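**Student:** Just one file: coords-v1.cif, with mmCIF, C-alpha atoms and all ligand atoms.
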data_structure
loop_
_atom_site.label_atom_id
_atom_site.label_comp_id
_atom_site.auth_asym_id
_atom_site.auth_seq_id
_atom_site.Cartn_x
_atom_site.Cartn_y
_atom_site.Cartn_z
CA MET C 1 -10.60 -9.01 -27.11
CA ILE C 2 -9.04 -10.48 -24.02
CA SER C 3 -7.41 -13.93 -23.79
CA LYS C 4 -8.88 -16.87 -21.87
CA PRO C 5 -6.00 -16.98 -19.32
CA MET C 6 -6.59 -13.27 -18.63
CA ILE C 7 -10.35 -13.75 -18.28
CA ASP C 8 -9.79 -16.55 -15.76
CA ALA C 9 -7.17 -14.58 -13.84
CA PHE C 10 -9.39 -11.48 -13.71
CA ASN C 11 -12.36 -13.53 -12.48
CA ASP C 12 -10.17 -15.05 -9.74
CA GLN C 13 -9.04 -11.57 -8.68
CA ILE C 14 -12.64 -10.27 -8.67
CA ASN C 15 -13.46 -13.06 -6.23
CA LYS C 16 -10.48 -12.12 -4.01
CA GLU C 17 -11.53 -8.47 -3.94
CA MET C 18 -15.11 -9.47 -3.07
CA PHE C 19 -13.77 -11.70 -0.30
CA SER C 20 -11.66 -8.78 0.95
CA SER C 21 -14.79 -6.64 1.11
CA HIS C 22 -16.59 -9.42 2.99
CA LEU C 23 -13.67 -9.86 5.40
CA TYR C 24 -13.52 -6.15 6.27
CA LEU C 25 -17.29 -5.97 6.66
CA SER C 26 -16.98 -8.84 9.11
CA MET C 27 -14.30 -6.88 10.96
CA ALA C 28 -16.64 -3.86 10.98
CA ALA C 29 -19.31 -6.02 12.61
CA TYR C 30 -16.73 -7.28 15.11
CA PHE C 31 -15.70 -3.73 16.06
CA GLU C 32 -19.33 -2.56 16.24
CA GLY C 33 -19.86 -5.33 18.78
CA SER C 34 -16.68 -4.41 20.63
CA GLY C 35 -17.63 -0.81 21.35
CA LEU C 36 -15.09 0.59 18.88
CA PRO C 37 -17.19 2.53 16.34
CA GLY C 38 -14.14 4.35 14.93
CA ALA C 39 -12.43 1.09 13.97
CA ALA C 40 -15.77 -0.16 12.62
CA GLN C 41 -16.01 2.94 10.41
CA TRP C 42 -12.46 2.36 9.14
CA MET C 43 -13.48 -1.17 8.16
CA HIS C 44 -16.71 -0.03 6.49
CA VAL C 45 -14.70 2.35 4.29
CA GLN C 46 -12.15 -0.36 3.58
CA ALA C 47 -14.91 -2.82 2.64
CA GLY C 48 -16.36 -0.23 0.24
CA GLU C 49 -12.95 0.29 -1.40
CA GLU C 50 -12.56 -3.44 -1.93
CA HIS C 51 -15.93 -3.55 -3.64
CA GLU C 52 -14.74 -0.71 -5.90
CA HIS C 53 -11.61 -2.70 -6.72
CA ALA C 54 -13.75 -5.66 -7.77
CA MET C 55 -15.89 -3.33 -9.91
CA LYS C 56 -12.84 -1.86 -11.65
CA LEU C 57 -11.80 -5.37 -12.71
CA PHE C 58 -15.42 -6.20 -13.60
CA ALA C 59 -15.71 -3.13 -15.86
CA HIS C 60 -12.38 -3.84 -17.55
CA LEU C 61 -13.41 -7.39 -18.35
CA VAL C 62 -16.77 -6.20 -19.78
CA ASP C 63 -15.08 -3.42 -21.80
CA ARG C 64 -12.76 -5.99 -23.36
CA GLY C 65 -15.51 -8.44 -24.28
CA GLY C 66 -14.63 -10.92 -21.51
CA LYS C 67 -17.27 -12.71 -19.47
CA VAL C 68 -17.50 -11.95 -15.77
CA THR C 69 -18.10 -15.20 -13.86
CA LEU C 70 -18.82 -14.69 -10.20
CA LYS C 71 -17.87 -17.42 -7.74
CA ALA C 72 -18.92 -18.17 -4.18
CA ILE C 73 -17.42 -15.83 -1.60
CA ALA C 74 -15.86 -17.76 1.28
CA ALA C 75 -17.13 -17.04 4.79
CA PRO C 76 -14.74 -14.72 6.61
CA GLU C 77 -13.67 -15.08 10.22
CA THR C 78 -16.00 -13.32 12.63
CA GLU C 79 -13.88 -12.93 15.77
CA TRP C 80 -10.42 -11.58 16.47
CA ASN C 81 -8.41 -11.40 19.61
CA GLY C 82 -8.63 -7.62 19.98
CA PRO C 83 -7.97 -4.65 17.66
CA MET C 84 -4.25 -5.36 17.24
CA ALA C 85 -4.94 -8.92 16.07
CA ALA C 86 -7.58 -7.67 13.65
CA PHE C 87 -5.32 -5.02 12.10
CA LYS C 88 -2.45 -7.50 11.87
CA ALA C 89 -4.87 -9.76 9.97
CA VAL C 90 -5.63 -6.81 7.64
CA TYR C 91 -1.93 -6.30 6.99
CA GLU C 92 -1.32 -9.98 6.30
CA HIS C 93 -4.34 -10.16 4.02
CA GLU C 94 -3.16 -7.12 2.05
CA GLN C 95 0.26 -8.72 1.58
CA LEU C 96 -1.53 -11.75 0.16
CA ILE C 97 -3.50 -9.52 -2.21
CA THR C 98 -0.33 -7.72 -3.29
CA ARG C 99 1.20 -11.07 -4.26
CA SER C 100 -1.98 -11.96 -6.13
CA ILE C 101 -1.96 -8.66 -8.07
CA HIS C 102 1.70 -9.20 -8.97
CA GLU C 103 0.90 -12.69 -10.25
CA LEU C 104 -1.97 -11.28 -12.28
CA TYR C 105 0.42 -8.71 -13.74
CA GLU C 106 2.80 -11.53 -14.68
CA VAL C 107 -0.04 -13.28 -16.54
CA ALA C 108 -0.73 -10.00 -18.38
CA GLN C 109 2.96 -9.78 -19.35
CA LYS C 110 2.97 -13.37 -20.57
CA GLU C 111 -0.19 -12.73 -22.60
CA LYS C 112 1.25 -9.45 -23.94
CA ASP C 113 -1.92 -7.79 -22.65
CA TYR C 114 -0.84 -4.15 -22.49
CA ALA C 115 -4.27 -2.72 -21.64
CA ALA C 116 -4.51 -4.99 -18.60
CA GLN C 117 -0.95 -4.09 -17.60
CA ILE C 118 -1.87 -0.39 -17.53
CA LEU C 119 -4.94 -1.08 -15.39
CA LEU C 120 -2.96 -3.34 -13.07
CA GLN C 121 -0.33 -0.67 -12.52
CA TRP C 122 -3.06 1.25 -10.68
CA PHE C 123 -3.64 -1.81 -8.49
CA ILE C 124 0.10 -2.23 -7.84
CA ASN C 125 0.26 1.37 -6.57
CA GLU C 126 -2.95 0.91 -4.60
CA GLN C 127 -1.44 -2.08 -2.80
CA VAL C 128 1.49 0.07 -1.65
CA GLU C 129 -1.11 2.38 -0.05
CA GLU C 130 -3.15 -0.50 1.37
CA GLU C 131 -0.14 -2.06 3.10
CA LYS C 132 1.04 1.35 4.31
CA ASN C 133 -2.38 2.17 5.82
CA ALA C 134 -2.64 -1.11 7.72
CA ALA C 135 0.97 -0.90 8.92
CA GLY C 136 0.32 2.69 10.07
CA VAL C 137 -2.61 1.63 12.26
CA ILE C 138 -0.52 -1.20 13.75
CA GLU C 139 2.28 1.27 14.58
CA SER C 140 -0.18 3.63 16.29
CA MET C 141 -1.60 0.72 18.27
CA LYS C 142 1.86 -0.32 19.38
CA ARG C 143 2.40 3.16 20.78
CA ILE C 144 -0.93 3.02 22.61
CA GLU C 145 -0.11 -0.41 23.98
CA ALA C 146 3.27 0.88 25.16
CA HIS C 147 1.46 3.76 26.81
CA GLU C 148 -0.98 1.41 28.51
CA THR C 149 1.91 -0.68 29.76
CA ALA C 150 3.49 2.50 31.13
CA VAL C 151 0.25 3.35 32.92
CA LEU C 152 0.07 -0.15 34.35
CA GLN C 153 3.69 0.12 35.49
CA LEU C 154 2.95 3.43 37.16
CA ASP C 155 -0.13 1.91 38.77
CA HIS C 156 2.03 -0.89 40.08
CA GLN C 157 4.46 1.66 41.56
CA LEU C 158 1.63 3.66 43.12
CA ALA C 159 0.30 0.51 44.73
CA LYS C 160 3.57 0.20 46.66
CA ARG C 161 2.96 3.43 48.62
CA GLY C 162 2.57 2.79 52.31
CA LYS C 163 0.02 4.55 54.51
FE1 LIG C 201 -8.22 -4.55 -3.04
FE2 LIG C 201 -7.07 -4.24 -0.21
O1 LIG C 201 -6.83 -4.74 -1.94
#
Output the file's structure in the form of structure tokens.
**Tutor:**
Amino acid sequence: MISKPMIDAFNDQINKEMFSSHLYLSMAAYFEGSGLPGAAQWMHVQAGEEHEHAMKLFAHLVDRGGKVTLKAIAAPETEWNGPMAAFKAVYEHEQLITRSIHELYEVAQKEKDYAAQILLQWFINEQVEEEKNAAGVIESMKRIEAHETAVLQLDHQLAKRGK
């Protein structure tokens, strides 16, 4: 059996993972409409992973005799100010989720729920990956932006050539 505080905390986290999936699907739609199918694909995969995260929590709750109670999923944003802004939003959202997972782990410690702690260790590791992936894309984009700036600077220099 699983305690009431754990059931509530798991249901809250299921909702956050479902929102994450919704958010990244919204980003996929944004990139599809921005002519960036690669970034859209990245978001589709990410959205699928978030759904899997929700299902892992769902299955654990069911296995332990807890009731899954789904809540409304908030509407995500639909527009971002370019790819960099979108990926920064991913990174910030993942940091939020990491904090949420850590809080959930603390509830499991307080409740002496060892089975949940073992499951949540997977999520703690997963969050390290999630933050690393988003930060990696941001770093790559910074390099591209620097490159574009260099091209613009060169263009500016070339424009100075007299006839
Ligand atoms: Fe399910 Fe991106 O954390």
**Student:** As a count of residues only, please: every protein or nucleic acid residue near ligand LIG 201 (chain C) (cut-off 6 Å, counting all atoms listed in the file).
**Tutor:** 6
**Student:** Please identify all polymer residues within 12 Å of segment 116-119 of chain C, counting only C-alpha atoms, omitting same-chain residues fewer than 2 positions from it, and present them as JSON, numbers by chain.
**Tutor:** {"C": [1, 2, 3, 6, 7, 9, 10, 53, 56, 57, 58, 59, 60, 61, 63, 64, 101, 102, 103, 104, 105, 106, 107, 108, 109, 110, 111, 112, 113, 114, 121, 122, 123, 124, 125, 126]}
**Student:** Around the point (-4.6, -4.4, 16.0) (coordinates from the file), which residues reach within 12 Å if we count only C-alpha atoms? Answer as a list in words.
**Tutor:**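 Looking at atoms near the point gives Met27, Phe31, Leu36, Ala39, Trp80, Asn81, Gly82, Pro83, Met84, Ala85, Ala86, Phe87, Lys88, Ala89, Val90, Tyr91, Glu92, Ala134, Ala135, Gly136, Val137, Ile138, Glu139, Ser140, Met141, Lys142, Arg143, Ile144 and Glu145 of chain C.
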**Student:** Check the smallest atom-to-atom distance from each of C:Gly38, C:Pro5, C:Glu129, C:Glu77 to Leu25 of chain C using only C-alpha atoms, then report the winner.
**Tutor:** C:Glu77
**Student:** If I take atom CA of Gly65 of chain C and atom CA of Asp8 of chain C, how far is one from the other in Å, to one decimal?
**Tutor:** 13.1 Å
**Student:** Report, in Å with one decimal, the straight-line distance from atom CA of Leu23 of chain C to atom CA of Pro76 of chain C.
**Tutor:**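 These atoms are spaced 5.1 Å apart.
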**Student:** Have a look at atom CA of His44 of chain C and atom CA of Lys71 of chain C and let me know their distance in Å, one decimal.
**Tutor:**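 Between atom CA of His44 of chain C and atom CA of Lys71 of chain C the gap is 22.5 Å.
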**Student:** From the set C:Leu120, C:Ala28, C:Val45, C:Met18, which residue has the shortest atom-to-atom contact distance to Ala74 of chain C, counting all atoms listed in the file?
**Tutor:**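 Looking at the shortest contact to Ala74 of chain C, the residue is C:Met18.
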**Student:** Segment 14-27 of chain C, all listed atoms, 6 Å padding on each side: what axis-aligned box centre and edge lengths in Å to one decimal come out, as lines of an AutoDock Vina configuration file?
**Tutor:**
center_x = -13.9
center_y = -9.5
center_z = 1.1
size_x = 18.8
size_y = 19.1
size_z = 31.6
**Student:** Can you work out which one of C:Gly162, C:Phe19, C:Asn11, C:Thr149 has the shortest atom-to-atom distance to Gly66 of chain C, counting only C-alpha atoms?
**Tutor:**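 Under the stated criterion, the closest residue is C:Asn11.
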